[in-house]
>>> print(open('protein.cif').read())   # mmCIF, C-alpha atoms (C1' of nucleotides)
data_upload
loop_
_atom_site.label_atom_id
_atom_site.label_comp_id
_atom_site.auth_asym_id
_atom_site.auth_seq_id
_atom_site.Cartn_x
_atom_site.Cartn_y
_atom_site.Cartn_z
CA MET A 1 17.97 84.33 126.19
CA PRO A 2 20.94 81.91 126.42
CA SER A 3 23.12 80.55 123.74
CA GLY A 4 25.54 81.13 120.96
CA ALA A 5 22.96 83.02 119.00
CA ALA A 6 24.87 86.29 119.27
CA PRO A 7 26.41 86.22 115.78
CA LEU A 8 22.96 85.45 114.46
CA VAL A 9 21.52 88.55 116.11
CA ALA A 10 24.39 90.60 114.74
CA ALA A 11 23.82 89.33 111.22
CA ALA A 12 20.10 89.96 111.55
CA LEU A 13 20.69 93.52 112.72
CA ARG A 14 22.92 94.20 109.74
CA GLN A 15 20.29 92.90 107.35
CA PHE A 16 17.40 94.69 109.00
CA ALA A 17 19.34 97.96 108.99
CA ALA A 18 20.27 97.55 105.34
CA VAL A 19 16.94 96.56 103.81
CA GLY A 20 14.30 96.71 106.53
CA PHE A 21 12.15 94.03 108.07
CA GLU A 22 10.26 93.01 104.94
CA GLY A 23 13.29 93.24 102.71
CA ALA A 24 15.47 91.07 104.91
CA SER A 25 15.07 87.34 104.35
CA LEU A 26 15.85 84.59 106.82
CA GLN A 27 17.92 82.94 104.13
CA ARG A 28 20.23 85.92 103.76
CA ILE A 29 20.52 86.35 107.52
CA ALA A 30 21.38 82.67 107.85
CA ASP A 31 23.97 82.85 105.08
CA ASP A 32 25.47 85.97 106.64
CA ALA A 33 25.80 84.17 109.97
CA GLY A 34 27.06 80.95 108.38
CA LEU A 35 24.04 78.87 109.40
CA SER A 36 21.09 77.26 107.73
CA LYS A 37 17.70 78.88 107.63
CA SER A 38 16.35 76.15 109.89
CA SER A 39 18.92 77.03 112.53
CA VAL A 40 17.66 80.58 112.63
CA LEU A 41 14.19 79.32 113.45
CA TYR A 42 15.63 76.96 116.02
CA HIS A 43 17.06 79.87 117.99
CA PHE A 44 14.12 82.22 117.41
CA ALA A 45 10.50 81.26 117.13
CA SER A 46 9.84 83.53 114.18
CA LYS A 47 11.28 86.32 112.07
CA GLU A 48 9.55 88.82 114.32
CA ALA A 49 11.09 87.27 117.44
CA LEU A 50 14.51 87.64 115.85
CA PHE A 51 13.71 91.23 115.01
CA ASP A 52 12.74 91.85 118.62
CA ALA A 53 15.94 90.28 119.91
CA ALA A 54 18.00 92.40 117.53
CA LEU A 55 16.50 95.71 118.65
CA ARG A 56 15.96 94.92 122.33
CA PRO A 57 19.43 95.98 123.58
CA ALA A 58 19.06 99.39 121.98
CA ILE A 59 15.66 100.15 123.42
CA GLU A 60 16.79 98.96 126.86
CA ALA A 61 19.82 101.24 126.64
CA LEU A 62 17.66 104.20 125.68
CA GLY A 63 15.17 103.34 128.41
CA GLY A 64 17.95 103.24 130.98
CA LEU A 65 19.30 106.54 129.75
CA LEU A 66 15.90 108.15 130.17
CA GLU A 67 15.40 106.74 133.65
CA SER A 68 18.60 108.18 135.02
CA VAL A 69 18.27 111.53 133.30
CA ASP A 70 18.74 114.74 135.22
CA LEU A 71 18.20 117.89 133.23
CA ASP A 72 18.79 120.36 136.05
CA GLY A 73 20.77 123.22 134.60
CA ASP A 74 22.74 123.46 131.39
CA ALA A 75 25.38 121.08 132.69
CA GLY A 76 22.80 118.36 133.25
CA THR A 77 21.34 118.90 129.81
CA GLN A 78 24.75 118.80 128.16
CA ASP A 79 25.55 115.60 130.01
CA PHE A 80 22.34 114.06 128.78
CA LEU A 81 23.01 115.12 125.20
CA THR A 82 26.51 113.66 125.34
CA ARG A 83 25.15 110.36 126.55
CA PHE A 84 22.41 110.48 123.98
CA VAL A 85 24.93 110.85 121.17
CA ASP A 86 26.94 108.02 122.72
CA PHE A 87 23.79 105.91 122.60
CA LEU A 88 23.32 106.74 118.93
CA PHE A 89 26.86 105.62 118.17
CA ASP A 90 26.68 102.48 120.30
CA HIS A 91 23.43 101.33 118.69
CA ARG A 92 23.88 102.72 115.26
CA LEU A 93 22.34 99.83 113.35
CA ALA A 94 19.33 99.59 115.65
CA VAL A 95 18.83 103.34 115.34
CA THR A 96 18.96 102.95 111.58
CA VAL A 97 16.21 100.36 111.72
CA ILE A 98 13.98 102.45 113.98
CA VAL A 99 14.55 105.71 112.14
CA ASN A 100 14.47 104.47 108.57
CA HIS A 101 12.17 101.51 108.63
CA GLY A 102 10.13 101.89 111.78
CA SER A 103 7.18 103.73 110.34
CA ALA A 104 6.14 100.67 108.35
CA LEU A 105 6.33 98.47 111.41
CA ARG A 106 3.84 99.97 113.80
CA GLY A 107 2.23 97.21 115.80
CA ILE A 108 5.44 95.28 116.30
CA PRO A 109 6.01 95.65 120.04
CA VAL A 110 9.66 96.63 120.01
CA ILE A 111 8.97 99.36 117.46
CA ASP A 112 6.07 100.74 119.45
CA GLU A 113 8.28 100.84 122.52
CA ALA A 114 10.96 102.65 120.55
CA ASP A 115 8.45 105.22 119.32
CA ALA A 116 7.26 105.82 122.86
CA LEU A 117 10.84 106.40 124.01
CA VAL A 118 11.50 108.83 121.18
CA ARG A 119 8.43 110.79 122.16
CA ARG A 120 9.70 110.94 125.74
CA VAL A 121 13.04 112.33 124.56
CA GLU A 122 11.16 114.93 122.58
CA GLN A 123 9.03 116.00 125.54
CA LEU A 124 12.00 115.94 127.86
CA LEU A 125 13.98 118.46 125.87
CA ARG A 126 11.01 120.68 125.32
CA PRO A 127 11.13 123.38 127.96
CA ALA A 128 8.06 124.00 130.08
CA GLY A 129 6.95 127.26 128.50
CA GLY A 130 8.47 126.60 125.08
CA SER A 131 6.73 127.60 121.89
CA GLU A 132 5.73 125.22 119.15
CA ARG A 133 8.53 126.66 117.10
CA ASP A 134 11.01 125.53 119.76
CA ALA A 135 9.49 122.07 119.63
CA VAL A 136 10.01 122.01 115.88
CA ARG A 137 13.56 123.22 116.38
CA PHE A 138 14.34 120.43 118.82
CA GLY A 139 12.70 117.92 116.54
CA VAL A 140 14.95 119.04 113.70
CA ALA A 141 17.99 118.88 115.98
CA LEU A 142 17.26 115.39 117.27
CA ALA A 143 16.17 113.91 113.97
CA GLY A 144 19.03 115.59 112.17
CA THR A 145 21.61 114.30 114.63
CA ALA A 146 20.33 110.76 114.39
CA PHE A 147 20.07 110.94 110.65
CA VAL A 148 23.51 112.41 110.00
CA LEU A 149 24.96 109.49 111.90
CA VAL A 150 22.79 106.95 110.15
CA ALA A 151 23.49 108.37 106.70
CA ALA A 152 27.07 109.45 107.28
CA ASP A 153 28.42 106.93 104.82
CA ARG A 154 25.78 107.78 102.25
CA TRP A 155 25.83 111.53 101.83
CA GLY A 156 28.91 112.63 103.68
CA THR A 157 31.04 114.49 101.14
CA GLU A 158 34.15 113.25 102.85
CA ARG A 159 33.85 110.49 105.40
CA LEU A 160 34.76 111.61 108.89
CA PRO A 161 36.07 109.02 111.33
CA ASP A 162 33.70 108.22 114.18
CA GLU A 163 35.90 109.71 116.84
CA THR A 164 35.95 112.99 114.96
CA LEU A 165 32.25 112.96 114.20
CA ARG A 166 31.12 112.04 117.69
CA PRO A 167 32.23 115.20 119.55
CA MET A 168 31.14 117.30 116.61
CA LEU A 169 27.63 115.91 116.73
CA THR A 170 27.51 116.34 120.49
CA SER A 171 28.64 119.93 120.11
CA VAL A 172 26.22 120.73 117.31
CA LEU A 173 23.30 119.15 119.13
CA ALA A 174 24.08 121.08 122.30
CA ASP A 175 24.31 124.24 120.24
CA LEU A 176 20.88 123.65 118.76
CA VAL A 177 19.25 122.78 122.06
CA LEU A 178 21.10 125.32 124.20
CA PRO A 179 21.80 128.08 121.67
CA GLY A 180 24.78 130.26 122.41
CA ARG A 181 26.14 127.94 125.07
CA GLU A 182 28.23 125.61 122.97
CA LEU A 183 30.22 122.69 124.18
CA PRO A 184 33.86 122.88 123.12
CA VAL A 185 34.44 120.65 120.13
CA ALA A 186 37.29 118.71 121.62
CA MET B 1 4.94 109.35 79.25
CA PRO B 2 1.36 109.16 77.93
CA SER B 3 -1.62 107.51 79.42
CA GLY B 4 -3.99 107.19 82.28
CA ALA B 5 -1.34 105.66 84.44
CA ALA B 6 -1.30 108.58 86.86
CA PRO B 7 -3.38 106.95 89.62
CA LEU B 8 -1.11 103.94 89.31
CA VAL B 9 1.97 106.06 89.93
CA ALA B 10 0.26 107.68 92.90
CA ALA B 11 -0.63 104.33 94.41
CA ALA B 12 2.90 103.08 93.80
CA LEU B 13 4.39 106.13 95.49
CA ARG B 14 2.20 105.57 98.54
CA GLN B 15 3.28 101.96 98.80
CA PHE B 16 6.97 102.66 98.23
CA ALA B 17 6.93 105.40 100.86
CA ALA B 18 5.15 103.18 103.35
CA VAL B 19 7.16 99.97 103.08
CA GLY B 20 10.04 100.58 100.69
CA PHE B 21 10.88 99.10 97.34
CA GLU B 22 11.33 95.51 98.47
CA GLY B 23 8.39 95.62 100.83
CA ALA B 24 5.94 96.97 98.27
CA SER B 25 4.37 94.32 96.05
CA LEU B 26 2.91 94.84 92.61
CA GLN B 27 -0.25 93.12 93.83
CA ARG B 28 -0.81 95.64 96.61
CA ILE B 29 -0.06 98.56 94.32
CA ALA B 30 -2.51 97.18 91.78
CA ASP B 31 -5.19 96.67 94.43
CA ASP B 32 -4.60 100.17 95.75
CA ALA B 33 -5.06 101.60 92.25
CA GLY B 34 -8.05 99.38 91.49
CA LEU B 35 -6.32 97.46 88.70
CA SER B 36 -4.94 93.99 88.17
CA LYS B 37 -1.29 93.15 88.58
CA SER B 38 -1.08 92.51 84.84
CA SER B 39 -2.25 96.03 84.15
CA VAL B 40 0.57 97.45 86.20
CA LEU B 41 3.06 95.56 84.07
CA TYR B 42 1.26 96.69 80.96
CA HIS B 43 1.91 100.33 81.80
CA PHE B 44 5.40 99.82 83.18
CA ALA B 45 7.94 97.31 81.98
CA SER B 46 9.00 96.29 85.47
CA LYS B 47 8.69 97.13 89.12
CA GLU B 48 11.85 99.19 88.86
CA ALA B 49 10.46 101.17 85.92
CA LEU B 50 7.41 101.97 88.02
CA PHE B 51 9.67 103.01 90.87
CA ASP B 52 11.55 105.30 88.52
CA ALA B 53 8.35 106.85 87.23
CA ALA B 54 7.13 107.45 90.76
CA LEU B 55 10.25 109.29 91.88
CA ARG B 56 11.08 111.07 88.63
CA PRO B 57 8.94 114.20 89.20
CA ALA B 58 10.58 114.83 92.55
CA ILE B 59 14.14 114.56 91.31
CA GLU B 60 13.31 116.77 88.32
CA ALA B 61 11.82 119.36 90.66
CA LEU B 62 14.90 119.30 92.86
CA GLY B 63 17.16 119.44 89.83
CA GLY B 64 15.30 122.48 88.53
CA LEU B 65 15.53 124.14 91.90
CA LEU B 66 19.28 123.65 91.96
CA GLU B 67 19.74 124.95 88.44
CA SER B 68 18.03 128.25 89.13
CA VAL B 69 19.60 128.80 92.50
CA ASP B 70 21.15 132.10 93.41
CA LEU B 71 22.76 132.22 96.84
CA ASP B 72 24.05 135.79 96.64
CA GLY B 73 23.49 137.33 100.02
CA ASP B 74 21.27 136.26 102.86
CA ALA B 75 18.12 137.12 100.90
CA GLY B 76 19.11 134.72 98.13
CA THR B 77 19.88 132.00 100.62
CA GLN B 78 16.60 132.50 102.43
CA ASP B 79 14.72 132.39 99.16
CA PHE B 80 16.43 129.13 98.31
CA LEU B 81 15.63 127.63 101.70
CA THR B 82 11.98 128.62 101.35
CA ARG B 83 11.77 126.95 97.98
CA PHE B 84 13.61 123.94 99.31
CA VAL B 85 11.07 123.49 102.08
CA ASP B 86 8.32 123.95 99.51
CA PHE B 87 9.91 121.17 97.51
CA LEU B 88 9.94 118.92 100.56
CA PHE B 89 6.23 119.52 101.10
CA ASP B 90 5.30 119.13 97.45
CA HIS B 91 7.14 115.83 97.10
CA ARG B 92 6.72 114.50 100.58
CA LEU B 93 6.22 110.86 99.66
CA ALA B 94 9.12 110.81 97.23
CA VAL B 95 11.32 112.44 99.86
CA THR B 96 10.24 109.75 102.29
CA VAL B 97 11.32 107.06 99.86
CA ILE B 98 14.70 108.65 99.20
CA VAL B 99 15.43 109.49 102.82
CA ASN B 100 14.13 106.36 104.50
CA HIS B 101 14.66 103.64 101.97
CA GLY B 102 17.23 104.99 99.56
CA SER B 103 20.33 103.61 101.22
CA ALA B 104 19.29 100.06 100.35
CA LEU B 105 18.69 101.00 96.72
CA ARG B 106 22.04 102.20 95.51
CA GLY B 107 22.45 101.24 91.90
CA ILE B 108 18.89 102.07 90.93
CA PRO B 109 19.40 105.07 88.64
CA VAL B 110 16.78 107.38 90.09
CA ILE B 111 18.16 106.83 93.60
CA ASP B 112 21.72 107.53 92.49
CA GLU B 113 20.53 110.73 90.86
CA ALA B 114 18.74 111.73 94.04
CA ASP B 115 21.85 111.09 96.10
CA ALA B 116 23.91 113.22 93.75
CA LEU B 117 21.41 116.07 94.08
CA VAL B 118 21.44 115.82 97.86
CA ARG B 119 25.20 116.07 97.83
CA ARG B 120 24.94 119.16 95.68
CA VAL B 121 22.55 120.79 98.14
CA GLU B 122 25.01 119.97 100.90
CA GLN B 123 27.94 121.52 99.09
CA LEU B 124 25.90 124.51 98.02
CA LEU B 125 25.05 125.53 101.55
CA ARG B 126 28.54 124.93 102.79
CA PRO B 127 30.35 128.27 102.76
CA ALA B 128 33.71 128.48 101.07
CA GLY B 129 35.87 128.72 104.17
CA GLY B 130 33.55 126.78 106.44
CA SER B 131 34.83 124.34 108.98
CA GLU B 132 33.93 120.67 109.12
CA ARG B 133 31.82 121.47 112.13
CA ASP B 134 29.74 123.85 110.01
CA ALA B 135 29.30 121.11 107.46
CA VAL B 136 28.03 118.79 110.16
CA ARG B 137 25.72 121.55 111.38
CA PHE B 138 24.23 122.01 107.93
CA GLY B 139 23.90 118.29 107.53
CA VAL B 140 21.95 118.11 110.76
CA ALA B 141 19.77 121.04 109.69
CA LEU B 142 18.95 119.61 106.26
CA ALA B 143 18.45 116.03 107.38
CA GLY B 144 16.47 117.16 110.39
CA THR B 145 14.18 119.35 108.33
CA ALA B 146 13.46 116.61 105.85
CA PHE B 147 13.00 114.06 108.56
CA VAL B 148 10.68 116.11 110.74
CA LEU B 149 8.41 116.49 107.73
CA VAL B 150 8.63 112.85 106.79
CA ALA B 151 8.01 111.65 110.35
CA ALA B 152 5.62 114.38 111.44
CA ASP B 153 2.72 111.98 111.76
CA ARG B 154 4.83 109.43 113.58
CA TRP B 155 6.54 111.26 116.42
CA GLY B 156 4.86 114.64 116.48
CA THR B 157 3.45 114.98 119.97
CA GLU B 158 0.57 116.94 118.61
CA ARG B 159 -0.02 117.00 114.91
CA LEU B 160 0.51 120.44 113.38
CA PRO B 161 -1.36 121.27 110.18
CA ASP B 162 0.86 121.62 107.13
CA GLU B 163 0.30 125.30 106.73
CA THR B 164 1.47 125.88 110.29
CA LEU B 165 4.42 123.53 110.00
CA ARG B 166 5.69 124.83 106.67
CA PRO B 167 6.66 128.38 107.71
CA MET B 168 8.01 127.03 110.99
CA LEU B 169 10.32 124.61 109.21
CA THR B 170 11.43 127.33 106.83
CA SER B 171 12.15 129.62 109.72
CA VAL B 172 13.99 126.98 111.75
CA LEU B 173 16.08 125.91 108.76
CA ALA B 174 17.03 129.51 107.99
CA ASP B 175 17.94 129.97 111.63
CA LEU B 176 20.25 126.98 111.55
CA VAL B 177 21.91 127.92 108.28
CA LEU B 178 22.03 131.67 108.87
CA PRO B 179 22.27 131.84 112.67
CA GLY B 180 20.99 135.03 114.25
CA ARG B 181 19.28 136.18 111.07
CA GLU B 182 15.92 134.50 111.42
CA LEU B 183 13.05 134.66 109.03
CA PRO B 184 9.86 135.84 110.67
CA VAL B 185 7.62 132.88 111.39
CA ALA B 186 4.55 134.22 109.68
"C1'" DG C 1 -18.48 95.83 57.80
"C1'" DC C 2 -13.00 95.16 58.85
"C1'" DG C 3 -8.56 96.23 60.74
"C1'" DC C 4 -5.87 98.15 64.30
"C1'" DA C 5 -4.48 100.18 68.48
"C1'" DT C 6 -5.22 100.82 73.45
"C1'" DC C 7 -6.41 99.13 77.91
"C1'" DC C 8 -7.00 95.50 80.72
"C1'" DT C 9 -7.36 90.68 82.36
"C1'" DG C 10 -6.68 85.55 84.10
"C1'" DA C 11 -3.79 81.79 83.85
"C1'" DC C 12 0.55 80.41 84.43
"C1'" DC C 13 5.81 80.19 85.38
"C1'" DG C 14 9.99 79.61 88.32
"C1'" DA C 15 11.82 81.47 92.36
"C1'" DT C 16 11.67 82.72 97.01
"C1'" DC C 17 9.17 83.76 101.11
"C1'" DG C 18 8.30 82.21 106.36
"C1'" DT C 19 7.45 78.16 108.76
"C1'" DG C 20 6.85 73.14 110.47
"C1'" DC C 21 8.85 68.80 111.22
"C1'" DA C 22 11.59 64.64 111.36
"C1'" DG C 23 16.02 63.43 111.98
"C1'" DT C 24 21.09 63.55 113.17
"C1'" DA C 25 25.49 64.50 114.98
"C1'" DG C 26 27.98 65.85 119.41
"C1'" DT C 27 28.26 66.04 124.38
"C1'" DG C 28 27.66 64.93 128.76
"C1'" DT C 29 25.40 62.13 132.77
"C1'" DG C 30 23.72 58.14 134.81
"C1'" DC D 1 25.94 51.28 127.16
"C1'" DA D 2 21.61 53.99 127.28
"C1'" DC D 3 19.59 58.26 127.75
"C1'" DA D 4 18.78 63.10 127.38
"C1'" DC D 5 19.76 67.51 125.81
"C1'" DT D 6 21.53 71.04 122.67
"C1'" DA D 7 22.74 72.64 118.17
"C1'" DC D 8 21.83 72.12 113.77
"C1'" DT D 9 20.11 70.44 109.20
"C1'" DG D 10 17.28 68.90 104.85
"C1'" DC D 11 13.00 68.56 103.10
"C1'" DA D 12 8.47 69.83 102.18
"C1'" DC D 13 4.37 72.96 102.63
"C1'" DG D 14 1.44 76.76 101.01
"C1'" DA D 15 1.69 81.43 99.91
"C1'" DT D 16 3.39 85.17 97.46
"C1'" DC D 17 6.91 87.27 94.72
"C1'" DG D 18 8.04 89.65 89.83
"C1'" DG D 19 7.18 88.67 85.24
"C1'" DT D 20 5.25 86.46 80.58
"C1'" DC D 21 1.66 85.63 77.46
"C1'" DA D 22 -2.55 84.88 74.87
"C1'" DG D 23 -6.73 86.84 74.55
"C1'" DG D 24 -11.03 89.78 75.55
"C1'" DA D 25 -13.19 94.32 75.37
"C1'" DT D 26 -13.63 98.99 73.60
"C1'" DG D 27 -13.14 102.62 70.33
"C1'" DC D 28 -11.56 104.93 66.00
"C1'" DG D 29 -10.45 105.28 60.96
"C1'" DC D 30 -11.62 103.21 56.77
#
>>> encode(input="protein.cif", output="structure tokens")
Amino acid sequence: MPSGAAPLVAAALRQFAAVGFEGASLQRIADDAGLSKSSVLYHFASKEALFDAALRPAIEALGGLLESVDLDGDAGTQDFLTRFVDFLFDHRLAVTVIVNHGSALRGIPVIDEADALVRRVEQLLRPAGGSERDAVRFGVALAGTAFVLVAADRWGTERLPDETLRPMLTSVLADLVLPGRELPVA
Amino acid sequence: MPSGAAPLVAAALRQFAAVGFEGASLQRIADDAGLSKSSVLYHFASKEALFDAALRPAIEALGGLLESVDLDGDAGTQDFLTRFVDFLFDHRLAVTVIVNHGSALRGIPVIDEADALVRRVEQLLRPAGGSERDAVRFGVALAGTAFVLVAADRWGTERLPDETLRPMLTSVLADLVLPGRELPVA
DNA sequence: GCGCATCCTGACCGATCGTGCAGTAGTGTG
DNA sequence: CACACTACTGCACGATCGGTCAGGATGCGC
């Protein structure tokens, strides 16, 4: 947990987000960070350990967000959604990895933890007496929000700057979860 | 286009959907189809050609859907959305590949074609005078719908059978695109 | 019978994969 | 100066990657 391995983790995260765990090679990560492949395995015991280190901050942030959550009333829910969207922006690359490549990586601890957290978010937003249709609706809203962010530079007809997109996503998500009680856009 | 290569394409599609293009190996695809690796390369000139063959039916189906589209009035839009969800179900694995692994595969023709089609769907649903916020909303709705289907067996708290999920997704999508004018669920 | 495709295979190639290991600079600390 | 520790590297390993190729088996027209 010490060390000047931070740029290495950053390079690894970029590679993992771009091409997934299997597709990313230690050689490319090392080149990207300006080190040799051996140096990567000096700082991290294995490729999987590096993967864990790259995703760990994101799952800790999401875990913390879920621990301090207070959904009492619409205001509490809106506050949570705002912070959730902030989380998505802050850990964009990690979210990309989990969302896009996670399903192939079941069994890797950090991915299993991420899946468990996602399921908790899902259950959290699902109201007590809600129908299955509502659950599907929230699933679409959450997945869609995450995915629009992750794929913004891929399918966005015109690229919106982050600070324009962020309040829009927050507003849209709130609208889908609390219909008819929209947050103001800005 | 001849041949008894169909089970090969099916096996390839399973592998590509599960672990992506880079992660899938010809050996595993061959094993999955009960053939040797050499046989795979007898039927298809390269791994990329196999990838193309596996995704081709899906992009042709989506292309056909977009050619025959008629969005006049809410009824036309709802009909399109129903057929779009049907497309997602019919080509689930191919959609998984495009959605989850496509961003790493820019430059591969079939992926570029798929991206172009997705952009057309996006523009199609975007009303003439719509705001950017509406565009984001539709992006969330489309991405969320596709992703809920793709990840249904990963994050779904309880697994819904397809024939329950399908009308629900259609209904939710219509609700998000045509707010306040919902399709009946069943 | 023979010739000719079609389908499929094992052996092999060069490259790259993740990983282990011995060794080497640089930097204190005694 | 010696010693230890950290950061880093080159080299070699077995395995696996995508891909080539010569050849075996089967079946059909002649």
>>> closest_residue(input="protein.cif", among="C:DC13, C:DC8, C:DG1, C:DG18", to="chain A", atoms="all atoms listed in the file")
C:DG18
>>> atom_distance(input="protein.cif", atom1="atom CA of A:Ala174", atom2="atom CA of A:Asp74")
9.5 Å
>>> interface_residues(input="protein.cif", of="chain A", to="chain B", cutoff="7 Å", atoms="only C-alpha atoms", output="ChimeraX atom specification")
/A:18-19,22-23,100-101,103-104,115,119,133,137,139-141,143-145,147-148,154-155,157,168,172
>>> closest_atom_pairs(input="protein.cif", of="chain C", to="chain B", cutoff="9 Å", atoms="only C-alpha atoms (C1' of nucleotides)", output="tab-separated table")
residue	atom	partner	partner_atom	distance
C:DC7	C1'	B:Ser39	CA	8.1
C:DC8	C1'	B:Ser39	CA	5.9
C:DT9	C1'	B:Ser38	CA	7.0
C:DG10	C1'	B:Ser38	CA	9.0
>>> residues_around(input="protein.cif", residues="stretch 2-19 of chain D", least_positions_apart="2", cutoff="9 Å", atoms="all atoms listed in the file", output="VMD selection string")
(chain A and resid 35 to 39 42) or (chain B and resid 25 to 26 41 46 to 47) or (chain C and resid 13 15 to 17 19 to 20 23 to 30)
>>> axis_aligned_box(input="protein.cif", around="stretch 1-14 of chain C", padding_each_side="8 Å", output="AutoDock Vina command-line options")
--center_x -4.2 --center_y 90.2 --center_z 73.1 --size_x 44.5 --size_y 37.2 --size_z 46.5
>>> residues_near_point(input="protein.cif", point="(-5.7, 96.5, 61.5)", cutoff="12 Å", atoms="all atoms listed in the file", output="PyMOL selection string")
(chain C and resi 2-5) or (chain D and resi 28-30)
>>> resolve_selection(input="protein.cif", expression="the PyMOL selection byres ((chain A and resi 50) around 10)", output="PyMOL selection string")
chain A and resi 8-9+12-13+26+40-41+43-49+51-56
>>> atom_distance(input="protein.cif", atom1="atom CA of B:Phe84", atom2="atom CA of B:Asp112")
19.5 Å
>>> residues_near_point(input="protein.cif", point="(20.1, 101.8, 126.2)", cutoff="12 Å", atoms="all atoms listed in the file", output="list of chain:residue names")
A:Leu55, A:Arg56, A:Pro57, A:Ala58, A:Ile59, A:Glu60, A:Ala61, A:Leu62, A:Gly63, A:Gly64, A:Leu65, A:Leu66, A:Glu67, A:Ser68, A:Arg83, A:Phe84, A:Val85, A:Asp86, A:Phe87, A:Leu88, A:Phe89, A:Asp90, A:His91, A:Arg92, A:Ala94, A:Val95, A:Ala114, A:Leu117
>>> closest_residue(input="protein.cif", among="B:Leu125, B:Arg14, B:Arg28, B:Thr77", to="chain D", atoms="only C-alpha atoms (C1' of nucleotides)")
B:Arg28
>>> closest_residue(input="protein.cif", among="B:Thr82, B:Leu124, B:Ala33, B:Gln27", to="chain D", atoms="only C-alpha atoms (C1' of nucleotides)")
B:Gln27
>>> resolve_selection(input="protein.cif", expression="the PyMOL selection byres ((chain D and resi 26) around 9)", output="ChimeraX atom specification")
/C:6-7 /D:25,27
>>> build_atoms(input="protein.cif", residues="stretch 93-108 of chain A", atoms="N, CA and C atoms", output="compact mmCIF listing (two decimals), keeping the file's coordinate frame")
# COMPACT_ATOMS: atom_id res chain seq x y z
N LEU A 93 23.16 100.65 114.26
CA LEU A 93 22.34 99.83 113.35
C LEU A 93 20.89 99.78 113.82
N ALA A 94 20.70 99.62 115.13
CA ALA A 94 19.33 99.59 115.65
C ALA A 94 18.65 100.93 115.41
N VAL A 95 19.40 102.01 115.59
CA VAL A 95 18.83 103.34 115.34
C VAL A 95 18.45 103.46 113.87
N THR A 96 19.28 102.93 113.01
CA THR A 96 18.96 102.95 111.58
C THR A 96 17.63 102.25 111.32
N VAL A 97 17.45 101.10 111.92
CA VAL A 97 16.21 100.36 111.72
C VAL A 97 15.01 101.18 112.19
N ILE A 98 15.10 101.71 113.40
CA ILE A 98 13.98 102.45 113.98
C ILE A 98 13.68 103.70 113.16
N VAL A 99 14.73 104.43 112.82
CA VAL A 99 14.55 105.71 112.14
C VAL A 99 14.10 105.52 110.70
N ASN A 100 14.73 104.59 110.00
CA ASN A 100 14.47 104.47 108.57
C ASN A 100 13.30 103.55 108.24
N HIS A 101 13.15 102.51 109.01
CA HIS A 101 12.17 101.51 108.63
C HIS A 101 11.03 101.36 109.62
N GLY A 102 11.10 102.10 110.72
CA GLY A 102 10.13 101.89 111.78
C GLY A 102 8.70 102.25 111.41
N SER A 103 8.54 103.25 110.58
CA SER A 103 7.18 103.73 110.34
C SER A 103 6.31 102.68 109.67
N ALA A 104 6.93 101.73 108.98
CA ALA A 104 6.14 100.67 108.35
C ALA A 104 5.82 99.54 109.32
N LEU A 105 6.37 99.63 110.52
CA LEU A 105 6.33 98.47 111.41
C LEU A 105 5.53 98.73 112.68
N ARG A 106 4.68 99.72 112.64
CA ARG A 106 3.84 99.97 113.80
C ARG A 106 3.04 98.72 114.11
N GLY A 107 2.94 98.41 115.39
CA GLY A 107 2.23 97.21 115.80
C GLY A 107 3.19 96.14 116.27
N ILE A 108 4.42 96.17 115.76
CA ILE A 108 5.44 95.28 116.30
C ILE A 108 5.90 95.87 117.62
